[in-house]
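Shown next, in structure tokens, is the structure this report addresses.
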Amino acid sequence: MTLLVACQAAPASTQMPTLTASSTATITQTPTPIPTSTTTPLPTITPEPEWYRTLDPSLSALKYQYAEVTNSKAKVYSTIEDAVAVNGNYGHLPNFPAYVAYTATRMGENGTTYYLINYGWIAAEDLHPLTPSTFSGLLITREIPFRFGWVLKDADSVDANGKAVRSYKRFDLVHEVPTSIQKDGFIPISSDEWLPQVAVTLVDPQVPPDAGPNTCRFIYANLGTETLSVYDGCKLIFATLISSGKNSWTFTGRFAIQIKWDYFTINSPDWSTSDYYMEAVPYFMPYIGDFAFHGNYWNADFGSASSHGCINLAPTDAKWLYDWSGLGERVIISKGE
């Protein structure tokens, strides 16, 4: 280590000063600087970039408010005047169960509140207002080596000895981690923490084998895990939960987006084994016949098969998919593993 010493002016004479009895000589000694040891600083560890981000909450905005019809014989009046007069100028919805979209409410002179739906005015007492699910999937921001997914039902995680670690709620996000210990029937989510496999559904970020070679941009619905993955450039860019058809009513195969409607009213077709009526279903994208991707405002069954055959998504996810996909977009529906 190099020490720097300050230079001083040389005395005018080299003769030592003469001291007398009355004189006191003061000798001032300048201390020699002590070298200070230094240590090499540890390198700054750059945090690993986040591997996902959530969707813009503004995508959840819908044009309508929604309600479930609770009375199979509910009367739908042509005008508010007819409704208030409770006259014979009314009809009924085409099918039941029914879900309606309304744009206005009016208080009649008879003290009854009415909602304006597609067909006309219906009494509030025949409706149950709905709040669409706020669940949404993930935009994947970089390549990742692990599977990830969501908790489908409330569950407690455990350590290697089976002792409870913490509680998880439905729709909590988790991902697998490497571990040298295996626990049958459990998914490792930290170095010493496992969740029951039956409580979790996972997405594999790799391009699925059944997509085939040179298939790099597509929508992939996995009926085995009730998840949807979107790939672009052979990389996963989005993933979420879906609700496909119960009783195997969603067919597997390779399809394409045929047309897109921002809002579409569904009335059960003649060939359907069940009746239903759903107004203003958001972001309706048929991929074959009457089968479509679309938003679901009437329940939050994402992660389980409960639809009439279409692939249901939370409204926020449906809007993102609607904006991303083009006509002719490749669709692969797989039975999964």
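Each chain in the structure tokens gets a letter, A, B, ..., in the order shown, and its residues are numbered from 1; ligands are numbered from 1 in order too.
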Find the residues near Tyr220 (chain A): any atom within 12 Å, counting only C-alpha atoms, skip ones fewer than 2 places away on the same chain, and give them as a CSV table (one decimal) with C-alpha atoms, in the first residue's frame.
```csv
chain,number,residue,atom,x,y,z
A,203,VAL,CA,-49.4,-25.3,-15.9
A,204,ASP,CA,-46.3,-26.7,-17.6
A,205,PRO,CA,-44.5,-23.7,-19.3
A,206,GLN,CA,-43.0,-25.9,-22.1
A,207,VAL,CA,-44.7,-26.2,-25.5
A,208,PRO,CA,-47.0,-29.2,-25.1
A,209,PRO,CA,-45.9,-32.3,-27.1
A,210,ASP,CA,-49.3,-32.6,-28.8
A,211,ALA,CA,-49.0,-29.2,-30.3
A,215,THR,CA,-46.5,-24.9,-34.0
A,216,CYS,CA,-45.4,-21.7,-32.2
A,217,ARG,CA,-48.5,-19.5,-31.9
A,218,PHE,CA,-51.6,-21.0,-30.5
A,222,ASN,CA,-56.0,-28.5,-21.2
A,223,LEU,CA,-59.1,-30.3,-20.1
A,224,GLY,CA,-57.2,-32.5,-17.7
A,225,THR,CA,-56.0,-29.5,-15.7
A,226,GLU,CA,-58.8,-27.0,-16.6
A,227,THR,CA,-56.2,-24.5,-17.7
A,228,LEU,CA,-55.6,-22.4,-20.7
A,229,SER,CA,-52.1,-21.4,-22.1
A,230,VAL,CA,-51.2,-19.0,-24.9
A,231,TYR,CA,-48.0,-19.4,-26.8
A,232,ASP,CA,-46.3,-17.0,-29.1
A,236,LEU,CA,-45.6,-19.3,-23.0
A,237,ILE,CA,-47.0,-15.7,-22.7
A,238,PHE,CA,-50.2,-16.2,-20.8
A,239,ALA,CA,-51.9,-18.8,-18.5
A,240,THR,CA,-55.1,-19.0,-16.6
A,241,LEU,CA,-57.9,-21.2,-15.3
A,242,ILE,CA,-60.9,-22.2,-17.4
A,252,THR,CA,-60.8,-32.2,-28.2
A,253,GLY,CA,-59.0,-31.4,-31.5
A,254,ARG,CA,-57.5,-28.6,-33.5
A,255,PHE,CA,-59.7,-25.6,-34.5
A,256,ALA,CA,-59.5,-21.9,-35.3
A,293,PHE,CA,-64.4,-19.2,-25.7
A,311,ILE,CA,-64.8,-22.9,-22.6
A,321,LEU,CA,-57.8,-13.3,-25.1
A,329,GLU,CA,-56.1,-18.1,-34.6
A,330,ARG,CA,-55.0,-21.7,-34.0
A,331,VAL,CA,-56.8,-23.5,-31.1
A,332,ILE,CA,-55.7,-26.8,-29.6
A,333,ILE,CA,-58.0,-28.5,-27.1
A,334,SER,CA,-56.3,-31.4,-25.4
A,335,LYS,CA,-57.6,-34.0,-23.0
A,336,GLY,CA,-54.4,-33.4,-21.0
```
Closest-contact table, region 292-326 of chain A side, partner region 51-73 of chain A, 12 Å, counting only C-alpha atoms, as CSV:
```
residue,atom,partner,partner_atom,distance
A:Gly295,CA,A:Ser60,CA,10.1
A:Asn296,CA,A:Tyr66,CA,10.9
A:Tyr297,CA,A:Tyr66,CA,7.5
A:Trp298,CA,A:Glu68,CA,7.5
A:Asn299,CA,A:Glu68,CA,10.4
A:Leu313,CA,A:Ser60,CA,11.7
A:Ala314,CA,A:Ser60,CA,8.7
A:Pro315,CA,A:Ser60,CA,5.9
A:Thr316,CA,A:Ser60,CA,4.4
A:Asp317,CA,A:Leu59,CA,8.0
A:Ala318,CA,A:Leu59,CA,8.9
A:Lys319,CA,A:Leu59,CA,6.1
A:Trp320,CA,A:Leu59,CA,7.0
A:Leu321,CA,A:Leu59,CA,10.6
A:Tyr322,CA,A:Leu59,CA,10.6
A:Asp323,CA,A:Leu59,CA,10.0
```
Which of region 12-250 of chain A fall in alpha helix (DSSP H), as JSON, numbers by chain:
{"A": [80, 81, 82, 83, 84, 85]}
Selection export as a PDB file, in the first residue's frame, atoms kept: N, CA and C atoms:
```pdb
ATOM      1  N   ILE A  80     -92.094   0.421 -19.599  1.00  0.00           N
ATOM      2  CA  ILE A  80     -92.185   0.654 -18.162  1.00  0.00           C
ATOM      3  C   ILE A  80     -93.619   0.987 -17.770  1.00  0.00           C
ATOM      4  N   GLU A  81     -94.357   1.619 -18.686  1.00  0.00           N
ATOM      5  CA  GLU A  81     -95.760   1.947 -18.406  1.00  0.00           C
ATOM      6  C   GLU A  81     -96.591   0.675 -18.264  1.00  0.00           C
ATOM      7  N   ASP A  82     -96.306  -0.315 -19.119  1.00  0.00           N
ATOM      8  CA  ASP A  82     -97.011  -1.596 -19.014  1.00  0.00           C
ATOM      9  C   ASP A  82     -96.675  -2.292 -17.698  1.00  0.00           C
ATOM     10  N   ALA A  83     -95.395  -2.215 -17.312  1.00  0.00           N
ATOM     11  CA  ALA A  83     -94.968  -2.867 -16.068  1.00  0.00           C
ATOM     12  C   ALA A  83     -95.669  -2.243 -14.869  1.00  0.00           C
ATOM     13  N   VAL A  84     -95.726  -0.910 -14.833  1.00  0.00           N
ATOM     14  CA  VAL A  84     -96.363  -0.228 -13.710  1.00  0.00           C
ATOM     15  C   VAL A  84     -97.858  -0.510 -13.675  1.00  0.00           C
ATOM     16  N   ALA A  85     -98.450  -0.586 -14.859  1.00  0.00           N
ATOM     17  CA  ALA A  85     -99.885  -0.858 -14.942  1.00  0.00           C
ATOM     18  C   ALA A  85    -100.212  -2.329 -14.691  1.00  0.00           C
TER      19      ALA A  85
END
```
Looking at A:Phe146, A:Tyr99, A:Phe291, A:Tyr114, which one is nearest to His128 (chain A), with distances taken over only C-alpha atoms?
A:Tyr99
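Distance check against Val177 (chain A) using only C-alpha atoms: of A:Leu195, A:Val86, A:Ala164, A:Ile257, the minimum falls on A:Leu195.
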Go ahead and compute the interatomic distance for CA of Gly289 (chain A) and CA of Pro97 (chain A), in Å to one decimal.
22.5 Å
Polymer residues at most 6 Å from region 88-94 of chain A, only C-alpha atoms, same-chain spacing of 4 or more positions, as a ChimeraX atom specification:
/A:75-77
